[in-house]
Amino acid sequence: MSKVKIITDSSVQLTEEEIKENDISVVPLTIEIDGNTYVDGVDISREEFVKEMDASKNLPKTSQPSLGTFMEVIDSIPEDYTDILSLNMTVAISGTVNAAKQVSEMTDRNYEAIDTEFTDRGLAFQVLKAAKLAKEGKSVDEIKAAINNVRDHTYLYMGVTSIENILRGGRLSRFAGTLSTLLNLNLVLTLKNNSLDVAKRGRGRKTIEKYMNNVMDEIKSLKNIKAIGISYVDKLDYVNELKEKLQEIVPEVPLLIRVTSPVIATHAGSGAFAIEFYTE
């Protein structure tokens with residue numbers, strides 16, 4: 001019988017209860033703020049990071065986990081696990097999955113790293129599905145088929161109210177020439193098929209609000225939405241508006257609202273948020 005261990009990276013949006021109840025191990029990224037280095041989720045919380053980021057002189061730097069950090073997590077997994085699956089954030093944001101794949105050459109365990117093509121709560125949807133099936137004794141192939149289905153039915157929309165961080169971080173470098181000269185530019189980004197793309201851009205917050213009204217209509221029209229997440233950096237005003245709308249149109253769907261991870265906060269910047277959901 002298979003006994004599969006699920007691990008992921010710290011860009012994931014999971015509660016402590018979800019991590020514990022589902023026997024998930026998290027490999028942390030490293031963060032540097034004005035010369036001070038922190039281990040994500042170990043010696044700095046998400047809320048603490050945002051405060052440090054907002055007060056910092058320079059754009060924080062986030063580093064993918066080292067091979068040694070991955071190996072420490074793998075070495076701590078009991079030998080009675082027949083397989084280890086590492087579910088990692090999209091390569092569109094970080095090279096973490098590439099480091100995770102290199103680990104396969106360093107361990108004798110039955111280990112495989114997967115690019116989930118998502119991050120944050122979108123990543124969590126796959127991680128939680130995988131962990132649930134692992135508890136049921138499903139095989140690696142069965143788990144991979146199930147999370148591929150979750151991936152293909154996951155939606156992620158991000159609102160960015162300040163483009164400075166995302167341009168400086170290079171995640172939208174192909175747009176830098178046309179975006180950097182515009183003041184008060186707001187963006188709606190989508191993440192799909194390992195591609196972070198601009199869905200809408202315009203001056204002022206109304207650009208995002210109008211687009212999100214369409215997203216609310218989309219959610220209302222979809223059948224069998226399993227879960228919704230809203231992750232944000234540091235401002236709850238509009239997030240609370242979205243929460244009220246969601247509780248009105250899909251009150252039965254589980255909704256998680258939390259501060260996002262340092263890697264997302266760094267690139268998205270102050271005021272950013274994302275809404276993520278999936279269907280079956």
# chains A, B, ... in the order shown; residues from 1 in each chain; ligands from 1
>>> select_by_dssp(residues="stretch 39-219 of chain A", states="strand (DSSP E)", output="compact mmCIF listing (two decimals) with all heavy atoms, in the first residue's frame")
# COMPACT_ATOMS: atom_id res chain seq x y z
N VAL A 39 14.07 33.60 7.75
CA VAL A 39 13.52 32.37 7.17
C VAL A 39 12.00 32.47 7.24
O VAL A 39 11.42 32.64 8.32
CB VAL A 39 14.02 31.12 7.91
CG1 VAL A 39 13.43 29.85 7.29
CG2 VAL A 39 15.55 31.06 7.88
N LYS A 61 14.38 41.14 -0.88
CA LYS A 61 14.81 40.07 -1.78
C LYS A 61 14.36 38.73 -1.21
O LYS A 61 14.54 38.47 -0.02
CB LYS A 61 16.33 40.08 -1.93
CG LYS A 61 16.89 41.36 -2.53
CD LYS A 61 18.41 41.31 -2.58
CE LYS A 61 18.99 42.62 -3.14
NZ LYS A 61 20.48 42.60 -3.14
N THR A 62 13.76 37.92 -2.06
CA THR A 62 13.36 36.58 -1.63
C THR A 62 14.18 35.55 -2.40
O THR A 62 14.44 35.72 -3.58
CB THR A 62 11.86 36.33 -1.89
OG1 THR A 62 11.58 36.50 -3.27
CG2 THR A 62 11.01 37.29 -1.08
N SER A 63 14.62 34.53 -1.68
CA SER A 63 15.46 33.49 -2.29
C SER A 63 14.78 32.14 -2.17
O SER A 63 14.20 31.82 -1.12
CB SER A 63 16.83 33.44 -1.61
OG SER A 63 17.49 34.68 -1.71
N ASP A 83 6.67 7.18 -0.73
CA ASP A 83 6.90 8.18 -1.76
C ASP A 83 6.80 9.58 -1.14
O ASP A 83 6.11 9.80 -0.14
CB ASP A 83 5.86 8.07 -2.89
CG ASP A 83 5.89 6.73 -3.57
OD1 ASP A 83 6.67 6.58 -4.53
OD2 ASP A 83 5.14 5.83 -3.14
N ILE A 84 7.48 10.53 -1.80
CA ILE A 84 7.41 11.94 -1.40
C ILE A 84 7.08 12.75 -2.64
O ILE A 84 7.75 12.64 -3.67
CB ILE A 84 8.75 12.43 -0.82
CG1 ILE A 84 9.15 11.58 0.40
CG2 ILE A 84 8.66 13.91 -0.43
CD1 ILE A 84 10.57 11.84 0.87
N LEU A 85 6.03 13.58 -2.54
CA LEU A 85 5.66 14.48 -3.62
C LEU A 85 5.87 15.92 -3.15
O LEU A 85 5.32 16.33 -2.12
CB LEU A 85 4.20 14.30 -4.02
CG LEU A 85 3.87 13.24 -5.07
CD1 LEU A 85 2.36 13.26 -5.34
CD2 LEU A 85 4.62 13.47 -6.35
N SER A 86 6.65 16.67 -3.90
CA SER A 86 6.89 18.07 -3.59
C SER A 86 6.08 18.93 -4.57
O SER A 86 6.35 18.94 -5.77
CB SER A 86 8.38 18.39 -3.72
OG SER A 86 8.64 19.75 -3.46
N LEU A 87 5.09 19.64 -4.04
CA LEU A 87 4.23 20.48 -4.88
C LEU A 87 4.66 21.93 -4.69
O LEU A 87 4.55 22.48 -3.60
CB LEU A 87 2.76 20.32 -4.48
CG LEU A 87 2.22 18.88 -4.46
CD1 LEU A 87 0.72 18.89 -4.21
CD2 LEU A 87 2.54 18.15 -5.74
N ASN A 88 5.15 22.54 -5.78
CA ASN A 88 5.79 23.84 -5.66
C ASN A 88 5.13 24.93 -6.49
O ASN A 88 4.38 24.67 -7.42
CB ASN A 88 7.26 23.72 -6.05
CG ASN A 88 8.00 22.75 -5.16
OD1 ASN A 88 8.31 21.64 -5.57
ND2 ASN A 88 8.24 23.15 -3.93
N TYR A 111 11.04 10.15 -4.79
CA TYR A 111 10.73 11.57 -4.65
C TYR A 111 10.47 12.18 -6.01
O TYR A 111 11.15 11.88 -6.99
CB TYR A 111 11.91 12.27 -3.97
CG TYR A 111 11.91 13.78 -4.06
CD1 TYR A 111 11.32 14.56 -3.07
CD2 TYR A 111 12.52 14.44 -5.13
CE1 TYR A 111 11.34 15.94 -3.14
CE2 TYR A 111 12.53 15.82 -5.21
CZ TYR A 111 11.94 16.57 -4.22
OH TYR A 111 11.96 17.93 -4.30
N GLU A 112 9.46 13.06 -6.06
CA GLU A 112 9.17 13.75 -7.31
C GLU A 112 8.72 15.18 -7.01
O GLU A 112 7.94 15.42 -6.09
CB GLU A 112 8.06 13.04 -8.09
CG GLU A 112 7.77 13.67 -9.44
CD GLU A 112 6.74 12.91 -10.25
OE1 GLU A 112 6.34 11.79 -9.82
OE2 GLU A 112 6.33 13.42 -11.32
N ALA A 113 9.24 16.14 -7.78
CA ALA A 113 8.86 17.55 -7.64
C ALA A 113 7.96 17.95 -8.80
O ALA A 113 8.22 17.59 -9.94
CB ALA A 113 10.10 18.43 -7.60
N ILE A 114 6.92 18.69 -8.48
CA ILE A 114 5.91 19.08 -9.47
C ILE A 114 5.74 20.59 -9.46
O ILE A 114 5.65 21.22 -8.39
CB ILE A 114 4.56 18.41 -9.15
CG1 ILE A 114 4.68 16.88 -9.33
CG2 ILE A 114 3.45 18.96 -10.05
CD1 ILE A 114 3.45 16.12 -8.87
N ASP A 115 5.70 21.18 -10.64
CA ASP A 115 5.34 22.58 -10.80
C ASP A 115 3.82 22.64 -10.87
O ASP A 115 3.21 22.19 -11.85
CB ASP A 115 5.96 23.15 -12.09
CG ASP A 115 5.66 24.64 -12.29
OD1 ASP A 115 4.79 25.18 -11.58
OD2 ASP A 115 6.28 25.24 -13.18
N THR A 154 -8.65 25.79 -11.70
CA THR A 154 -8.34 26.84 -10.73
C THR A 154 -8.25 28.19 -11.43
O THR A 154 -7.71 28.30 -12.54
CB THR A 154 -7.01 26.54 -10.01
OG1 THR A 154 -7.15 25.34 -9.22
CG2 THR A 154 -6.61 27.69 -9.09
N TYR A 155 -8.78 29.20 -10.78
CA TYR A 155 -8.77 30.57 -11.29
C TYR A 155 -8.03 31.46 -10.30
O TYR A 155 -8.25 31.35 -9.08
CB TYR A 155 -10.19 31.10 -11.46
CG TYR A 155 -11.10 30.26 -12.34
CD1 TYR A 155 -11.62 29.05 -11.89
CD2 TYR A 155 -11.45 30.70 -13.61
CE1 TYR A 155 -12.46 28.28 -12.69
CE2 TYR A 155 -12.30 29.95 -14.42
CZ TYR A 155 -12.79 28.74 -13.95
OH TYR A 155 -13.63 27.99 -14.74
N LEU A 156 -7.19 32.36 -10.80
CA LEU A 156 -6.49 33.31 -9.93
C LEU A 156 -6.47 34.67 -10.59
O LEU A 156 -6.00 34.81 -11.72
CB LEU A 156 -5.05 32.83 -9.65
CG LEU A 156 -4.24 33.65 -8.63
CD1 LEU A 156 -3.17 32.77 -7.98
CD2 LEU A 156 -3.58 34.89 -9.24
N TYR A 157 -7.01 35.66 -9.87
CA TYR A 157 -7.01 37.05 -10.33
C TYR A 157 -6.34 37.91 -9.26
O TYR A 157 -6.71 37.82 -8.08
CB TYR A 157 -8.44 37.55 -10.55
CG TYR A 157 -9.23 36.75 -11.56
CD1 TYR A 157 -10.09 35.74 -11.15
CD2 TYR A 157 -9.12 37.02 -12.92
CE1 TYR A 157 -10.84 35.00 -12.07
CE2 TYR A 157 -9.87 36.30 -13.85
CZ TYR A 157 -10.71 35.30 -13.42
OH TYR A 157 -11.45 34.57 -14.34
N MET A 158 -5.40 38.74 -9.66
CA MET A 158 -4.68 39.58 -8.71
C MET A 158 -4.88 41.05 -9.05
O MET A 158 -4.74 41.45 -10.22
CB MET A 158 -3.19 39.26 -8.73
CG MET A 158 -2.37 40.10 -7.75
SD MET A 158 -0.57 39.82 -7.91
CE MET A 158 -0.46 38.11 -7.42
N GLY A 159 -5.19 41.85 -8.04
CA GLY A 159 -5.27 43.29 -8.21
C GLY A 159 -4.01 43.94 -7.69
O GLY A 159 -3.61 43.69 -6.55
N VAL A 160 -3.38 44.75 -8.51
CA VAL A 160 -2.14 45.43 -8.13
C VAL A 160 -2.36 46.94 -8.24
O VAL A 160 -2.67 47.45 -9.32
CB VAL A 160 -0.96 45.01 -9.05
CG1 VAL A 160 0.30 45.78 -8.71
CG2 VAL A 160 -0.71 43.51 -8.93
N LEU A 185 -1.20 53.80 -12.20
CA LEU A 185 -1.68 52.68 -12.99
C LEU A 185 -2.04 51.52 -12.08
O LEU A 185 -1.27 51.13 -11.20
CB LEU A 185 -0.60 52.24 -13.98
CG LEU A 185 -1.03 51.18 -14.99
CD1 LEU A 185 -2.06 51.77 -15.96
CD2 LEU A 185 0.18 50.67 -15.77
N ASN A 186 -3.22 50.97 -12.29
CA ASN A 186 -3.67 49.77 -11.58
C ASN A 186 -3.78 48.63 -12.57
O ASN A 186 -4.15 48.83 -13.73
CB ASN A 186 -5.03 50.02 -10.92
CG ASN A 186 -4.94 50.83 -9.65
OD1 ASN A 186 -5.62 50.56 -8.68
ND2 ASN A 186 -4.09 51.85 -9.64
N LEU A 187 -3.47 47.41 -12.09
CA LEU A 187 -3.47 46.24 -12.96
C LEU A 187 -4.33 45.14 -12.36
O LEU A 187 -4.43 44.98 -11.14
CB LEU A 187 -2.06 45.67 -13.11
CG LEU A 187 -0.95 46.55 -13.68
CD1 LEU A 187 0.36 45.77 -13.66
CD2 LEU A 187 -1.28 47.01 -15.08
N VAL A 188 -4.94 44.36 -13.25
CA VAL A 188 -5.48 43.06 -12.88
C VAL A 188 -4.65 42.02 -13.62
O VAL A 188 -4.49 42.10 -14.85
CB VAL A 188 -6.97 42.91 -13.27
CG1 VAL A 188 -7.45 41.49 -12.94
CG2 VAL A 188 -7.82 43.93 -12.54
N LEU A 189 -4.08 41.09 -12.87
CA LEU A 189 -3.25 40.04 -13.45
C LEU A 189 -3.94 38.70 -13.33
O LEU A 189 -4.70 38.46 -12.38
CB LEU A 189 -1.89 39.97 -12.73
CG LEU A 189 -1.09 41.26 -12.62
CD1 LEU A 189 0.20 41.01 -11.83
CD2 LEU A 189 -0.76 41.81 -13.99
N THR A 190 -3.69 37.84 -14.28
CA THR A 190 -4.16 36.46 -14.20
C THR A 190 -2.96 35.53 -14.23
O THR A 190 -1.92 35.85 -14.81
CB THR A 190 -5.10 36.10 -15.37
OG1 THR A 190 -4.39 36.28 -16.62
CG2 THR A 190 -6.33 36.98 -15.35
N LEU A 191 -3.12 34.39 -13.59
CA LEU A 191 -2.06 33.37 -13.61
C LEU A 191 -2.66 32.08 -14.15
O LEU A 191 -3.59 31.53 -13.57
CB LEU A 191 -1.50 33.15 -12.20
CG LEU A 191 -0.42 32.07 -12.06
CD1 LEU A 191 0.81 32.42 -12.89
CD2 LEU A 191 -0.02 31.90 -10.59
N LYS A 192 -2.12 31.61 -15.27
CA LYS A 192 -2.61 30.38 -15.88
C LYS A 192 -1.52 29.83 -16.79
O LYS A 192 -0.83 30.59 -17.48
CB LYS A 192 -3.87 30.66 -16.71
CG LYS A 192 -4.69 29.41 -17.05
CD LYS A 192 -5.39 28.85 -15.82
CE LYS A 192 -6.30 27.67 -16.16
NZ LYS A 192 -6.95 27.10 -14.96
N SER A 195 1.92 31.38 -16.75
CA SER A 195 2.08 32.69 -17.36
C SER A 195 1.32 33.73 -16.54
O SER A 195 0.12 33.60 -16.31
CB SER A 195 1.55 32.68 -18.80
OG SER A 195 1.75 33.94 -19.41
N LEU A 196 2.05 34.76 -16.10
CA LEU A 196 1.46 35.86 -15.36
C LEU A 196 1.19 36.99 -16.36
O LEU A 196 2.11 37.57 -16.92
CB LEU A 196 2.42 36.34 -14.28
CG LEU A 196 1.90 37.36 -13.25
CD1 LEU A 196 0.76 36.78 -12.44
CD2 LEU A 196 3.04 37.80 -12.35
N ASP A 197 -0.08 37.27 -16.60
CA ASP A 197 -0.45 38.19 -17.68
C ASP A 197 -1.33 39.33 -17.19
O ASP A 197 -2.08 39.18 -16.22
CB ASP A 197 -1.19 37.42 -18.78
CG ASP A 197 -0.31 36.38 -19.44
OD1 ASP A 197 0.77 36.74 -19.92
OD2 ASP A 197 -0.70 35.20 -19.44
N VAL A 198 -1.25 40.45 -17.89
CA VAL A 198 -2.09 41.60 -17.60
C VAL A 198 -3.45 41.41 -18.27
O VAL A 198 -3.54 41.36 -19.50
CB VAL A 198 -1.44 42.91 -18.09
CG1 VAL A 198 -2.38 44.09 -17.84
CG2 VAL A 198 -0.10 43.14 -17.39
N ALA A 199 -4.51 41.30 -17.46
CA ALA A 199 -5.86 41.16 -18.00
C ALA A 199 -6.52 42.51 -18.19
O ALA A 199 -7.36 42.68 -19.09
CB ALA A 199 -6.71 40.30 -17.06
N LYS A 200 -6.15 43.47 -17.35
CA LYS A 200 -6.74 44.81 -17.43
C LYS A 200 -5.78 45.81 -16.82
O LYS A 200 -5.12 45.51 -15.83
CB LYS A 200 -8.08 44.84 -16.68
CG LYS A 200 -8.89 46.12 -16.88
CD LYS A 200 -9.48 46.22 -18.27
CE LYS A 200 -10.37 47.43 -18.44
NZ LYS A 200 -10.93 47.55 -19.79
N ARG A 201 -5.71 46.98 -17.41
CA ARG A 201 -4.89 48.04 -16.82
C ARG A 201 -5.58 49.38 -17.04
O ARG A 201 -6.29 49.59 -18.03
CB ARG A 201 -3.49 48.07 -17.44
CG ARG A 201 -3.46 48.25 -18.95
CD ARG A 201 -2.05 48.12 -19.46
NE ARG A 201 -1.97 48.20 -20.90
CZ ARG A 201 -0.84 48.07 -21.59
NH1 ARG A 201 0.29 47.85 -20.96
NH2 ARG A 201 -0.86 48.15 -22.91
N GLY A 202 -5.40 50.28 -16.12
CA GLY A 202 -6.02 51.60 -16.23
C GLY A 202 -5.66 52.45 -15.03
O GLY A 202 -5.08 51.97 -14.05
N ARG A 203 -6.01 53.69 -15.11
CA ARG A 203 -5.69 54.62 -14.02
C ARG A 203 -6.76 54.52 -12.93
O ARG A 203 -7.95 54.54 -13.21
CB ARG A 203 -5.63 56.05 -14.56
CG ARG A 203 -4.51 56.27 -15.57
CD ARG A 203 -4.51 57.71 -16.04
NE ARG A 203 -3.56 57.92 -17.13
CZ ARG A 203 -2.27 58.19 -16.97
NH1 ARG A 203 -1.77 58.27 -15.76
NH2 ARG A 203 -1.49 58.37 -18.02
>>> residues_around(residues="A:Leu246", least_positions_apart="4", cutoff="12 Å", atoms="only C-alpha atoms", output="ChimeraX atom specification")
/A:212-213,215-220,225,227-230,239-242,250-257,275,277
>>> residues_around(residues="A:Phe49", least_positions_apart="4", cutoff="10 Å", atoms="only C-alpha atoms", output="list in words")
Ile31, Ile33, Tyr38, Asp40, Gly41, Ile44, Ser45, Met53, Asp54, Ala55, Pro60, Val233, Ser261, Pro262, Ala265 and Thr266 of chain A
>>> write_last_selection(atoms="C-alpha atoms", output="PDB file, in the first residue's frame")
ATOM      1  CA  ILE A  31      13.906  36.793   2.808  1.00  0.00           C
ATOM      2  CA  ILE A  33      15.128  43.173   4.116  1.00  0.00           C
ATOM      3  CA  TYR A  38      14.881  35.871   7.723  1.00  0.00           C
ATOM      4  CA  ASP A  40       9.923  32.608   5.974  1.00  0.00           C
ATOM      5  CA  GLY A  41       7.504  31.420   8.621  1.00  0.00           C
ATOM      6  CA  ILE A  44       9.318  36.203  10.763  1.00  0.00           C
ATOM      7  CA  SER A  45       5.547  36.045  10.354  1.00  0.00           C
ATOM      8  CA  MET A  53       8.542  45.734   3.818  1.00  0.00           C
ATOM      9  CA  ASP A  54       6.432  48.879   4.051  1.00  0.00           C
ATOM     10  CA  ALA A  55       9.115  50.528   6.176  1.00  0.00           C
ATOM     11  CA  PRO A  60      13.088  43.040  -0.186  1.00  0.00           C
ATOM     12  CA  VAL A 233      -0.745  42.338   1.441  1.00  0.00           C
ATOM     13  CA  SER A 261       3.399  35.153   1.670  1.00  0.00           C
ATOM     14  CA  PRO A 262       6.517  37.367   1.570  1.00  0.00           C
ATOM     15  CA  ALA A 265       3.903  40.548  -1.157  1.00  0.00           C
ATOM     16  CA  THR A 266       7.359  41.577  -2.361  1.00  0.00           C
TER      17      THR A 266
END
>>> closest_atom_pairs(of="stretch 179-273 of chain A", to="stretch 93-96 of chain A", cutoff="9 Å", atoms="only C-alpha atoms", output="Markdown table")
| residue | atom | partner | partner_atom | distance |
| --- | --- | --- | --- | --- |
| A:Asn194 | CA | A:Ile93 | CA | 8.6 |
| A:Leu196 | CA | A:Ile93 | CA | 8.3 |
| A:Val263 | CA | A:Ile93 | CA | 8.5 |
| A:Ile264 | CA | A:Ile93 | CA | 8.4 |
| A:His267 | CA | A:Ile93 | CA | 8.8 |
>>> write_last_selection(atoms="all heavy atoms", output="mmCIF file, in the first residue's frame")
data_model
loop_
_atom_site.group_PDB
_atom_site.id
_atom_site.type_symbol
_atom_site.label_atom_id
_atom_site.label_comp_id
_atom_site.auth_asym_id
_atom_site.auth_seq_id
_atom_site.Cartn_x
_atom_site.Cartn_y
_atom_site.Cartn_z
ATOM 1 N N ASN A 194 1.384 28.710 -16.211
ATOM 2 C CA ASN A 194 2.703 29.255 -15.872
ATOM 3 C C ASN A 194 2.968 30.607 -16.517
ATOM 4 O O ASN A 194 4.115 30.966 -16.800
ATOM 5 C CB ASN A 194 3.823 28.279 -16.241
ATOM 6 C CG ASN A 194 4.145 27.336 -15.098
ATOM 7 O OD1 ASN A 194 3.886 27.656 -13.938
ATOM 8 N ND2 ASN A 194 4.707 26.184 -15.407
ATOM 9 N N LEU A 196 2.054 34.756 -16.098
ATOM 10 C CA LEU A 196 1.459 35.864 -15.364
ATOM 11 C C LEU A 196 1.188 36.985 -16.359
ATOM 12 O O LEU A 196 2.114 37.569 -16.923
ATOM 13 C CB LEU A 196 2.417 36.337 -14.275
ATOM 14 C CG LEU A 196 1.900 37.360 -13.255
ATOM 15 C CD1 LEU A 196 0.757 36.780 -12.440
ATOM 16 C CD2 LEU A 196 3.038 37.803 -12.345
ATOM 17 N N VAL A 263 7.016 36.269 -0.564
ATOM 18 C CA VAL A 263 7.429 36.290 -1.969
ATOM 19 C C VAL A 263 6.374 36.973 -2.830
ATOM 20 O O VAL A 263 6.699 37.738 -3.749
ATOM 21 C CB VAL A 263 7.751 34.875 -2.496
ATOM 22 C CG1 VAL A 263 6.525 33.985 -2.530
ATOM 23 C CG2 VAL A 263 8.370 34.948 -3.892
ATOM 24 N N ILE A 264 5.095 36.752 -2.535
ATOM 25 C CA ILE A 264 4.029 37.401 -3.292
ATOM 26 C C ILE A 264 3.922 38.871 -2.910
ATOM 27 O O ILE A 264 3.793 39.747 -3.776
ATOM 28 C CB ILE A 264 2.678 36.696 -3.064
ATOM 29 C CG1 ILE A 264 2.781 35.197 -3.408
ATOM 30 C CG2 ILE A 264 1.590 37.358 -3.906
ATOM 31 C CD1 ILE A 264 3.233 34.914 -4.822
ATOM 32 N N HIS A 267 6.624 41.091 -4.612
ATOM 33 C CA HIS A 267 6.456 41.385 -6.033
ATOM 34 C C HIS A 267 5.163 42.152 -6.311
ATOM 35 O O HIS A 267 5.113 42.960 -7.247
ATOM 36 C CB HIS A 267 6.494 40.100 -6.846
ATOM 37 C CG HIS A 267 7.818 39.419 -6.811
ATOM 38 N ND1 HIS A 267 8.981 40.023 -7.221
ATOM 39 C CD2 HIS A 267 8.179 38.180 -6.379
ATOM 40 C CE1 HIS A 267 9.997 39.195 -7.063
ATOM 41 N NE2 HIS A 267 9.537 38.070 -6.559
#
>>> residues_around(residues="A:Ala134", least_positions_apart="5", cutoff="12 Å", atoms="only C-alpha atoms", output="ChimeraX atom specification")
/A:1-7,22-24,81-85,127-129,139-144,146-147
>>> select_by_dssp(residues="stretch 36-155 of chain A", states="helix (DSSP H, G or I)", output="ChimeraX atom specification")
/A:46-55,67-75,96-105,120-135,140-152
>>> closest_residue(among="A:Ala124, A:Ala145, A:Val12, A:Met106", to="A:Glu72", atoms="only C-alpha atoms")
A:Met106
>>> residues_around(residues="A:Ser231", least_positions_apart="3", cutoff="8 Å", atoms="only C-alpha atoms", output="list in words")
Asp120, Arg121, Ile257, Arg258, Val259, Thr260, Phe273, Ala274 and Ile275 of chain A
>>> closest_residue(among="A:Ile208, A:Val91, A:Leu59, A:Ile77", to="A:Thr161", atoms="only C-alpha atoms")
A:Ile208
>>> residues_around(residues="A:Phe118", least_positions_apart="4", cutoff="7 Å", atoms="only C-alpha atoms", output="ChimeraX atom specification")
/A:89-90,122-123
>>> write_last_selection(atoms="N, CA, C and O atoms", output="CSV table (one decimal), in the first residue's frame")
chain,number,residue,atom,x,y,z
A,89,MET,N,5.4,26.2,-6.1
A,89,MET,CA,4.9,27.3,-6.8
A,89,MET,C,5.3,27.4,-8.2
A,89,MET,O,6.4,26.9,-8.6
A,90,THR,N,4.6,28.1,-9.0
A,90,THR,CA,4.8,28.3,-10.4
A,90,THR,C,6.2,28.9,-10.7
A,90,THR,O,6.7,29.8,-10.0
A,122,GLY,N,-4.1,29.1,-4.5
A,122,GLY,CA,-4.2,28.3,-5.7
A,122,GLY,C,-3.3,27.1,-5.6
A,122,GLY,O,-3.7,26.0,-6.0
A,123,LEU,N,-2.1,27.2,-5.0
A,123,LEU,CA,-1.3,26.1,-4.7
A,123,LEU,C,-1.9,25.2,-3.6
A,123,LEU,O,-1.8,24.0,-3.7
>>> atom_distance(atom1="atom CA of A:Thr116", atom2="atom CA of A:Glu32")
25.5 Å
>>> atom_distance(atom1="atom CA of A:Leu67", atom2="atom CA of A:Val42")
17.6 Å
>>> atom_distance(atom1="atom CA of A:Gln247", atom2="atom CA of A:Glu47")
24.9 Å
>>> decode(residues="stretch 219-258 of chain A", atoms="C-alpha atoms", output="mmCIF file, in the first residue's frame")
data_model
loop_
_atom_site.group_PDB
_atom_site.id
_atom_site.type_symbol
_atom_site.label_atom_id
_atom_site.label_comp_id
_atom_site.auth_asym_id
_atom_site.auth_seq_id
_atom_site.Cartn_x
_atom_site.Cartn_y
_atom_site.Cartn_z
ATOM 1 C CA ILE A 219 -18.309 33.052 -9.625
ATOM 2 C CA LYS A 220 -22.085 33.370 -9.426
ATOM 3 C CA SER A 221 -22.482 31.564 -12.755
ATOM 4 C CA LEU A 222 -20.097 28.686 -12.057
ATOM 5 C CA LYS A 223 -21.301 25.408 -10.651
ATOM 6 C CA ASN A 224 -19.702 23.412 -7.859
ATOM 7 C CA ILE A 225 -17.090 25.890 -6.622
ATOM 8 C CA LYS A 226 -15.222 23.982 -3.921
ATOM 9 C CA ALA A 227 -13.323 26.751 -2.144
ATOM 10 C CA ILE A 228 -12.364 30.414 -2.414
ATOM 11 C CA GLY A 229 -9.368 32.259 -1.032
ATOM 12 C CA ILE A 230 -8.598 35.951 -0.799
ATOM 13 C CA SER A 231 -5.011 36.814 0.018
ATOM 14 C CA TYR A 232 -3.850 40.358 0.569
ATOM 15 C CA VAL A 233 -0.745 42.338 1.441
ATOM 16 C CA ASP A 234 -1.699 45.082 3.887
ATOM 17 C CA LYS A 235 -5.102 46.651 3.214
ATOM 18 C CA LEU A 236 -8.462 45.140 4.080
ATOM 19 C CA ASP A 237 -10.954 47.770 2.937
ATOM 20 C CA TYR A 238 -11.686 46.409 -0.532
ATOM 21 C CA VAL A 239 -11.022 42.833 0.590
ATOM 22 C CA ASN A 240 -13.869 43.193 3.070
ATOM 23 C CA GLU A 241 -16.127 44.434 0.272
ATOM 24 C CA LEU A 242 -15.300 41.305 -1.744
ATOM 25 C CA LYS A 243 -15.930 39.167 1.328
ATOM 26 C CA GLU A 244 -19.421 40.618 1.743
ATOM 27 C CA LYS A 245 -20.236 40.047 -1.929
ATOM 28 C CA LEU A 246 -19.027 36.452 -1.814
ATOM 29 C CA GLN A 247 -20.982 35.699 1.345
ATOM 30 C CA GLU A 248 -24.051 36.990 -0.441
ATOM 31 C CA ILE A 249 -23.694 35.116 -3.745
ATOM 32 C CA VAL A 250 -22.010 31.862 -2.597
ATOM 33 C CA PRO A 251 -22.566 31.659 1.174
ATOM 34 C CA GLU A 252 -22.055 27.895 1.249
ATOM 35 C CA VAL A 253 -18.532 27.952 -0.265
ATOM 36 C CA PRO A 254 -15.608 27.901 2.218
ATOM 37 C CA LEU A 255 -13.729 31.223 2.185
ATOM 38 C CA LEU A 256 -10.264 31.849 3.612
ATOM 39 C CA ILE A 257 -8.889 35.388 3.943
ATOM 40 C CA ARG A 258 -5.275 35.834 5.027
#
